[in-house]
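Enquirer: Structure file upload.txt (compact mmCIF, C-alpha atoms) right here:
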# COMPACT_ATOMS: atom_id res chain seq x y z
CA MET A 176 46.00 110.14 109.34
CA THR A 177 43.56 112.18 107.21
CA ARG A 178 44.82 115.69 107.97
CA SER A 179 45.96 118.00 105.23
CA GLY A 180 49.01 120.25 105.26
CA LEU A 181 52.69 120.65 104.46
CA ILE A 182 55.72 119.00 106.01
CA LEU A 183 59.21 120.45 105.68
CA VAL A 184 61.89 117.75 105.53
CA ASP A 185 65.66 118.20 105.65
CA LYS A 186 66.53 115.53 103.09
CA PRO A 187 69.70 113.57 103.83
CA ALA A 188 72.21 112.63 101.14
CA GLY A 189 71.83 109.28 99.44
CA LEU A 190 68.04 109.29 99.13
CA THR A 191 65.94 110.32 96.16
CA SER A 192 63.02 112.67 96.63
CA HIS A 193 60.76 109.70 95.84
CA ASP A 194 62.42 107.73 98.68
CA VAL A 195 61.46 110.51 101.09
CA VAL A 196 57.89 110.60 99.78
CA ALA A 197 57.60 106.81 100.17
CA ARG A 198 58.81 106.95 103.77
CA VAL A 199 56.42 109.77 104.69
CA ARG A 200 53.54 107.86 103.09
CA ARG A 201 54.21 105.01 105.50
CA LEU A 202 54.67 107.27 108.52
CA ALA A 203 51.56 109.33 107.78
CA ALA A 204 49.49 106.34 106.66
CA THR A 205 48.33 108.00 103.45
CA ARG A 206 49.10 107.53 99.78
CA LYS A 207 48.44 111.19 99.04
CA VAL A 208 51.91 112.65 99.47
CA GLY A 209 53.79 114.76 96.91
CA HIS A 210 56.79 117.07 96.87
CA ALA A 211 57.54 120.55 95.52
CA GLY A 212 60.74 120.19 93.52
CA THR A 213 63.12 117.27 93.16
CA LEU A 214 66.47 117.07 94.93
CA ASP A 215 69.14 114.75 93.51
CA PRO A 216 70.32 111.89 95.74
CA MET A 217 73.63 113.72 96.32
CA ALA A 218 71.83 116.86 97.50
CA THR A 219 70.58 117.64 100.99
CA GLY A 220 68.24 120.25 102.37
CA LEU A 221 64.71 121.51 102.14
CA LEU A 222 62.12 119.25 100.56
CA ILE A 223 58.53 120.46 100.89
CA LEU A 224 55.93 117.71 101.07
CA GLY A 225 52.18 118.09 100.71
CA LEU A 226 49.79 115.64 102.39
CA ASN A 227 46.31 114.80 101.17
CA SER A 228 44.49 117.78 99.61
CA SER A 229 47.46 120.06 100.33
CA THR A 230 49.26 118.40 97.45
CA ARG A 231 47.20 120.96 95.50
CA LEU A 232 49.31 123.73 97.04
CA LEU A 233 52.52 122.24 95.65
CA THR A 234 51.76 123.51 92.16
CA TYR A 235 52.16 127.05 93.47
CA ILE A 236 55.27 126.31 95.54
CA VAL A 237 57.23 124.63 92.75
CA GLY A 238 57.58 127.93 90.89
CA ALA A 239 58.97 129.86 93.87
CA ASP A 240 62.56 131.09 93.90
CA LYS A 241 65.13 128.87 95.62
CA GLU A 242 68.36 129.33 97.55
CA TYR A 243 71.27 126.89 97.64
CA ARG A 244 74.69 126.44 99.20
CA ALA A 245 77.00 124.50 96.91
CA THR A 246 80.60 123.51 96.30
CA ILE A 247 81.91 123.76 92.75
CA ARG A 248 85.13 121.93 91.90
CA LEU A 249 87.15 123.46 89.10
CA GLY A 250 89.60 121.25 87.26
CA ALA A 251 87.52 118.31 86.09
CA THR A 252 84.46 117.63 83.92
CA THR A 253 82.14 114.71 84.63
CA THR A 254 79.45 112.87 82.69
CA THR A 255 76.72 114.13 85.03
CA ASP A 256 78.12 117.58 85.89
CA ASP A 257 78.40 116.43 89.52
CA ALA A 258 80.50 114.12 91.68
CA ASP A 259 78.29 111.10 90.93
CA GLY A 260 79.50 110.98 87.32
CA GLU A 261 82.69 109.71 85.76
CA ILE A 262 85.49 112.16 85.08
CA VAL A 263 85.85 112.68 81.33
CA ASP A 264 88.40 115.51 81.27
CA ARG A 265 90.87 116.89 83.78
CA ALA A 266 92.89 120.10 83.72
CA SER A 267 96.57 120.15 84.52
CA ILE A 268 97.97 121.87 87.60
CA ASP A 269 99.59 124.44 85.32
CA GLU A 270 96.21 125.25 83.75
CA LEU A 271 94.62 125.65 87.19
CA ASP A 272 97.44 127.95 88.26
CA LEU A 273 96.37 130.32 85.48
CA VAL A 274 92.87 130.64 86.97
CA THR A 275 93.00 133.83 89.00
CA ASP A 276 90.56 134.91 91.69
CA GLY A 277 89.58 137.78 89.41
CA ALA A 278 88.77 135.36 86.58
CA VAL A 279 86.58 133.31 88.91
CA ARG A 280 84.68 136.43 89.98
CA SER A 281 84.23 137.46 86.35
CA GLY A 282 82.98 133.98 85.46
CA ILE A 283 80.45 134.09 88.27
CA GLU A 284 79.30 137.54 87.22
CA ALA A 285 78.74 136.29 83.68
CA LEU A 286 76.39 133.62 85.04
CA THR A 287 74.38 136.07 87.16
CA GLY A 288 71.13 137.66 86.07
CA GLU A 289 68.89 136.47 83.25
CA ILE A 290 70.81 133.79 81.39
CA GLU A 291 70.26 131.01 78.88
CA GLN A 292 71.10 127.67 80.49
CA VAL A 293 71.38 124.19 78.98
CA PRO A 294 70.18 121.68 81.61
CA SER A 295 72.32 118.67 82.41
CA SER A 296 71.59 115.69 80.15
CA VAL A 297 70.88 113.61 83.27
CA SER A 298 68.16 115.95 84.53
CA ALA A 299 64.56 114.88 85.15
CA ILE A 300 63.30 116.87 82.14
CA LYS A 301 61.11 114.77 79.89
CA VAL A 302 62.12 114.20 76.26
CA ASP A 303 59.27 112.70 74.22
CA GLY A 304 57.63 111.47 77.41
CA LYS A 305 60.75 109.91 78.95
CA ARG A 306 63.09 111.40 81.55
CA ALA A 307 66.38 112.64 80.10
CA TYR A 308 68.42 110.70 82.67
CA ALA A 309 66.61 107.48 81.73
CA ARG A 310 67.52 108.00 78.07
CA VAL A 311 71.17 108.61 79.01
CA ARG A 312 71.25 105.43 81.10
CA ALA A 313 69.82 103.55 78.12
CA GLY A 314 72.81 104.67 76.06
CA GLU A 315 71.18 107.51 74.15
CA GLU A 316 72.92 110.81 73.55
CA VAL A 317 70.76 113.60 74.95
CA VAL A 318 71.27 117.31 74.33
CA LEU A 319 68.61 119.49 75.88
CA ALA A 320 67.57 122.89 74.58
CA ALA A 321 68.69 126.02 76.40
CA ARG A 322 66.10 127.72 78.57
CA ALA A 323 65.87 131.14 80.15
CA VAL A 324 66.50 131.19 83.91
CA THR A 325 67.28 133.90 86.44
CA VAL A 326 70.21 133.73 88.83
CA SER A 327 69.47 136.69 91.07
CA GLU A 328 72.42 136.08 93.41
CA PHE A 329 75.62 134.08 92.83
CA GLU A 330 77.94 134.73 95.75
CA LEU A 331 81.44 133.33 96.21
CA LEU A 332 81.91 132.47 99.89
CA THR A 333 85.23 130.61 100.05
CA THR A 334 88.00 129.54 97.65
CA ARG A 335 90.24 126.56 98.41
CA ARG A 336 93.18 125.67 96.16
CA GLU A 337 94.37 122.11 96.67
CA GLY A 338 96.72 120.64 94.07
CA ASP A 339 94.71 119.49 91.07
CA ALA A 340 91.46 121.24 92.03
CA ILE A 341 90.00 124.57 93.06
CA ASP A 342 86.95 124.27 95.32
CA LEU A 343 84.50 127.17 95.44
CA ASP A 344 81.85 127.38 98.15
CA VAL A 345 78.99 129.47 96.79
CA ARG A 346 75.50 130.68 97.59
CA VAL A 347 72.97 130.85 94.77
CA VAL A 348 69.48 132.37 94.68
CA CYS A 349 67.68 131.47 91.47
CA SER A 350 64.41 130.97 89.69
CA SER A 351 62.64 127.66 89.51
CA GLY A 352 64.13 125.44 86.81
CA THR A 353 67.74 126.56 87.34
CA TYR A 354 70.28 123.73 87.56
CA ILE A 355 73.18 124.37 89.93
CA ARG A 356 75.07 121.51 88.26
CA SER A 357 74.85 123.41 85.02
CA LEU A 358 76.21 126.56 86.68
CA ALA A 359 79.20 124.52 87.88
CA ARG A 360 79.73 123.05 84.41
CA ASP A 361 79.44 126.40 82.66
CA LEU A 362 81.67 128.22 85.12
CA GLY A 363 84.41 125.62 84.64
CA ALA A 364 83.98 125.68 80.87
CA GLY A 365 84.22 129.46 80.79
CA LEU A 366 87.47 129.33 82.77
CA GLY A 367 88.88 126.67 80.45
CA VAL A 368 89.47 124.05 83.15
CA GLY A 369 86.14 122.28 83.48
CA GLY A 370 83.96 122.10 86.54
CA HIS A 371 81.39 120.05 88.37
CA LEU A 372 79.33 120.08 91.54
CA THR A 373 80.58 118.23 94.62
CA ALA A 374 78.04 119.34 97.23
CA LEU A 375 74.57 120.88 97.13
CA ARG A 376 72.20 121.93 99.88
CA ARG A 377 68.84 123.65 99.33
CA THR A 378 68.33 126.17 102.10
CA ARG A 379 65.13 127.93 101.04
CA VAL A 380 62.10 127.55 98.79
CA GLY A 381 60.01 130.70 98.57
CA ALA A 382 58.82 131.57 102.08
CA TYR A 383 60.09 128.32 103.63
CA ASP A 384 63.55 127.87 105.17
CA VAL A 385 65.51 124.70 105.93
CA HIS A 386 65.95 125.86 109.52
CA ASP A 387 62.27 125.00 110.01
CA ALA A 388 62.62 121.54 108.47
CA HIS A 389 62.58 118.19 110.27
CA GLY A 390 65.07 115.34 110.06
CA LEU A 391 63.69 112.25 108.35
CA ASP A 392 64.92 109.74 110.95
CA THR A 393 62.95 111.36 113.78
CA LEU A 394 60.02 112.70 111.78
CA ASP A 395 56.61 112.68 113.45
CA PRO A 396 54.21 113.67 110.65
CA GLY A 397 51.46 114.73 113.03
CA ALA A 398 53.70 117.06 115.01
CA ALA A 399 55.53 118.38 111.92
CA LEU A 400 52.42 119.10 109.85
CA ILE A 401 51.77 122.72 108.92
CA PRO A 402 47.96 122.88 108.60
CA ALA A 403 46.64 123.78 105.17
CA VAL A 404 45.30 127.16 106.30
CA GLU A 405 48.67 128.17 107.84
CA ALA A 406 50.52 127.05 104.72
CA ALA A 407 48.16 128.93 102.42
CA ILE A 408 48.18 132.25 104.26
CA ARG A 409 51.98 132.14 104.34
CA LEU A 410 52.01 131.78 100.57
CA PHE A 411 49.09 133.99 99.52
CA PRO A 412 47.03 137.03 100.56
CA ARG A 413 44.25 136.14 102.99
CA LEU A 414 40.52 136.66 102.42
CA ASP A 415 38.30 136.22 105.48
CA LEU A 416 34.92 134.96 104.35
CA THR A 417 31.45 135.36 105.77
CA GLU A 418 29.59 132.16 106.54
CA GLN A 419 27.50 132.53 103.37
CA GLN A 420 30.58 133.20 101.22
CA ALA A 421 32.20 130.06 102.59
CA ILE A 422 29.08 128.05 101.71
CA ASP A 423 28.93 129.54 98.20
CA LEU A 424 32.59 128.77 97.43
CA THR A 425 32.26 125.26 98.84
CA HIS A 426 29.43 124.64 96.40
CA GLY A 427 31.33 126.06 93.45
CA ARG A 428 29.57 129.41 93.28
CA GLY A 429 31.39 132.70 92.79
CA ILE A 430 31.26 135.48 95.37
CA HIS A 431 31.32 139.28 95.31
CA VAL A 432 33.63 141.06 97.77
CA ALA A 433 32.78 144.76 97.72
CA ASP A 434 35.70 145.85 99.89
CA TRP A 435 38.41 143.81 98.13
CA ALA A 436 41.23 146.24 97.39
CA ALA A 437 44.31 144.06 96.79
CA ASP A 438 46.08 144.46 93.45
CA ASP A 439 46.78 140.73 93.02
CA ALA A 440 44.10 138.78 91.18
CA GLY A 441 45.20 135.56 92.85
CA PRO A 442 45.69 133.08 94.16
CA VAL A 443 44.14 134.25 97.41
CA ALA A 444 43.61 132.03 100.47
CA ALA A 445 39.92 132.01 101.33
CA VAL A 446 39.41 131.35 105.06
CA ALA A 447 36.08 130.50 106.67
CA PRO A 448 34.86 132.09 109.94
CA THR A 449 35.75 128.79 111.63
CA GLY A 450 39.39 129.36 110.65
CA HIS A 451 39.68 126.54 108.13
CA LEU A 452 40.85 126.89 104.53
CA VAL A 453 37.95 126.76 102.10
CA GLY A 454 40.25 127.01 99.09
CA LEU A 455 42.20 129.27 96.80
CA VAL A 456 40.36 131.86 94.74
CA GLU A 457 41.20 134.36 92.03
CA PHE A 458 39.65 137.78 91.56
CA ARG A 459 38.29 139.57 88.54
CA GLY A 460 37.64 143.01 89.92
CA LYS A 461 35.50 142.46 93.03
CA ASP A 462 34.31 139.01 91.97
CA ALA A 463 36.12 135.85 93.06
CA ARG A 464 35.92 132.32 91.77
CA THR A 465 37.43 129.11 93.08
CA LEU A 466 40.77 127.85 91.79
CA VAL A 467 41.18 125.01 94.31
CA ASN A 468 38.71 123.73 96.89
CA PHE A 469 39.63 121.82 100.04
CA PRO A 470 37.36 118.96 101.09
CA SER A 471 35.33 119.26 104.27
CA ASP A 472 36.30 115.82 105.60
CA GLU A 473 39.95 116.91 105.88
CA ILE A 474 38.89 120.26 107.32
CA ALA A 475 37.15 118.48 110.16
CA ALA A 476 40.28 116.47 110.91
CA SER A 477 42.69 119.41 110.88
Could you express the structure from this file as structure tokens?
Expert:
Amino acid sequence: MTRSGLILVDKPAGLTSHDVVARVRRLAATRKVGHAGTLDPMATGLLILGLNSSTRLLTYIVGADKEYRATIRLGATTTTDDADGEIVDRASIDELDLVTDGAVRSGIEALTGEIEQVPSSVSAIKVDGKRAYARVRAGEEVVLAARAVTVSEFELLTTRREGDAIDLDVRVVCSSGTYIRSLARDLGAGLGVGGHLTALRRTRVGAYDVHDAHGLDTLDPGAALIPAVEAAIRLFPRLDLTEQQAIDLTHGRGIHVADWAADDAGPVAAVAPTGHLVGLVEFRGKDARTLVNFPSDEIAAS
């Protein structure tokens, strides 16, 4: 299979993002498969895969905003800020009884907007060239620096009080690089009872929704593939090229588009008269130059 495009997968729990990539490589018979944003093994939901030259689109998808459904358990702190870790501290029932619904809402409000967030020490962030989680597993103590993130929506959906825990079902819309585990940890810490994540599902990445994703067990890569041109024009403004403009961009030459009036400099999806994606371009005034080209051999197969 030499076609290029995106595949939306609804990742099941228990698999790493790399496991999904490896399976799709076998199914699609290509080594050129990548993903746009890791999901932890515990998490489910939308994983966007790029095949062949469309892996070049993933760079632009990774930075898109994301939406999650999650369950936060108040009352216990774990080593990993989620249910996969060991419990290191547990609140008493009396302490949990002091956590009012109003306090929970205030805690959520404090974690909404532009915030400084310390990622979990078992995240995939690299520290001196090595993943933080790998350093933790090797016995090192890892404390990551706080980073600015945006939590545009943090909505409490349901509260369940059950003995030694309070479970909160929430919906979160956030910028790329936001850790939902860290939100759970910080919410619990702010309420004085600890907290961690027990369930996480990614429901949207940018323009793509999990409702359009395919189950891994029944995945047919050929049928599920979103062609590169469809993926690109969903992500970026579209520029319809003349035949000569398509030739010029294919050969690395810039083009002049006298009637280009869009405010955005780029990226812009450049589409040939044949309907295939020539590449992504950026504008400087009326002049465009290539950011990413797409090879003609994959165009012919798409």
Enquirer: Name the residues in contact with range 240-249 of chain A at a cut-off of 7 Å, using all atoms listed in the file, excluding same-chain residues fewer than 6 positions from it; report them as a count of residues only.
Expert: 28
Enquirer: Give me the residues of range 238-293 of chain A that have any atom at most 10 Å from an atom of range 201-217 of chain A; for each, the nearest atom pair and the distance in Å, rounded to one decimal. Use all atoms listed in the file, sort by chain and number, and format it as a tab-separated table.
Expert:
residue	atom	partner	partner_atom	distance
A:Gly238	CA	A:Ala211	CA	8.7
A:Ala239	CA	A:Ala211	CA	9.6
A:Lys241	CA	A:Gly212	CA	10.0
A:Asp257	CA	A:Met217	CA	8.7
A:Ala258	CA	A:Met217	CA	8.3
A:Asp259	CA	A:Met217	CA	7.6
Enquirer: Have a look at A:Asp434, A:Asp269, A:Glu291, A:Glu328 and name the one nearest to Asp462 in chain A; count all atoms listed in the file.
Expert: A:Asp434
Enquirer: Of the candidates A:Leu394, A:Val443, A:Ile401, A:Ala433, which shows the shortest atom-to-atom distance to Leu414 in chain A, using all atoms listed in the file?
Expert: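 That would be A:Val443, the residue with the smallest distance to Leu414 in chain A.
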Enquirer: From the list A:Leu181, A:Pro294, A:Val453, A:Ser357, which residue is nearest Val199 in chain A when using all atoms listed in the file?
Expert: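 Nearest candidate to Val199 in chain A out of A:Leu181, A:Pro294, A:Val453, A:Ser357: A:Leu181.
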Enquirer: When distances are computed from all atoms listed in the file, which of A:Arg413, A:Ala399, A:Gly180, A:Ala251 shows the smallest separation from Leu233 in chain A?
Expert: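 Smallest separation from Leu233 in chain A among the options: A:Gly180.
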Enquirer: Report, in Å with one decimal, the straight-line distance from CA of Glu270 in chain A to CA of Glu330 in chain A.
Expert: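 Interatomic distance, CA of Glu270 in chain A to CA of Glu330 in chain A: 23.8 Å.
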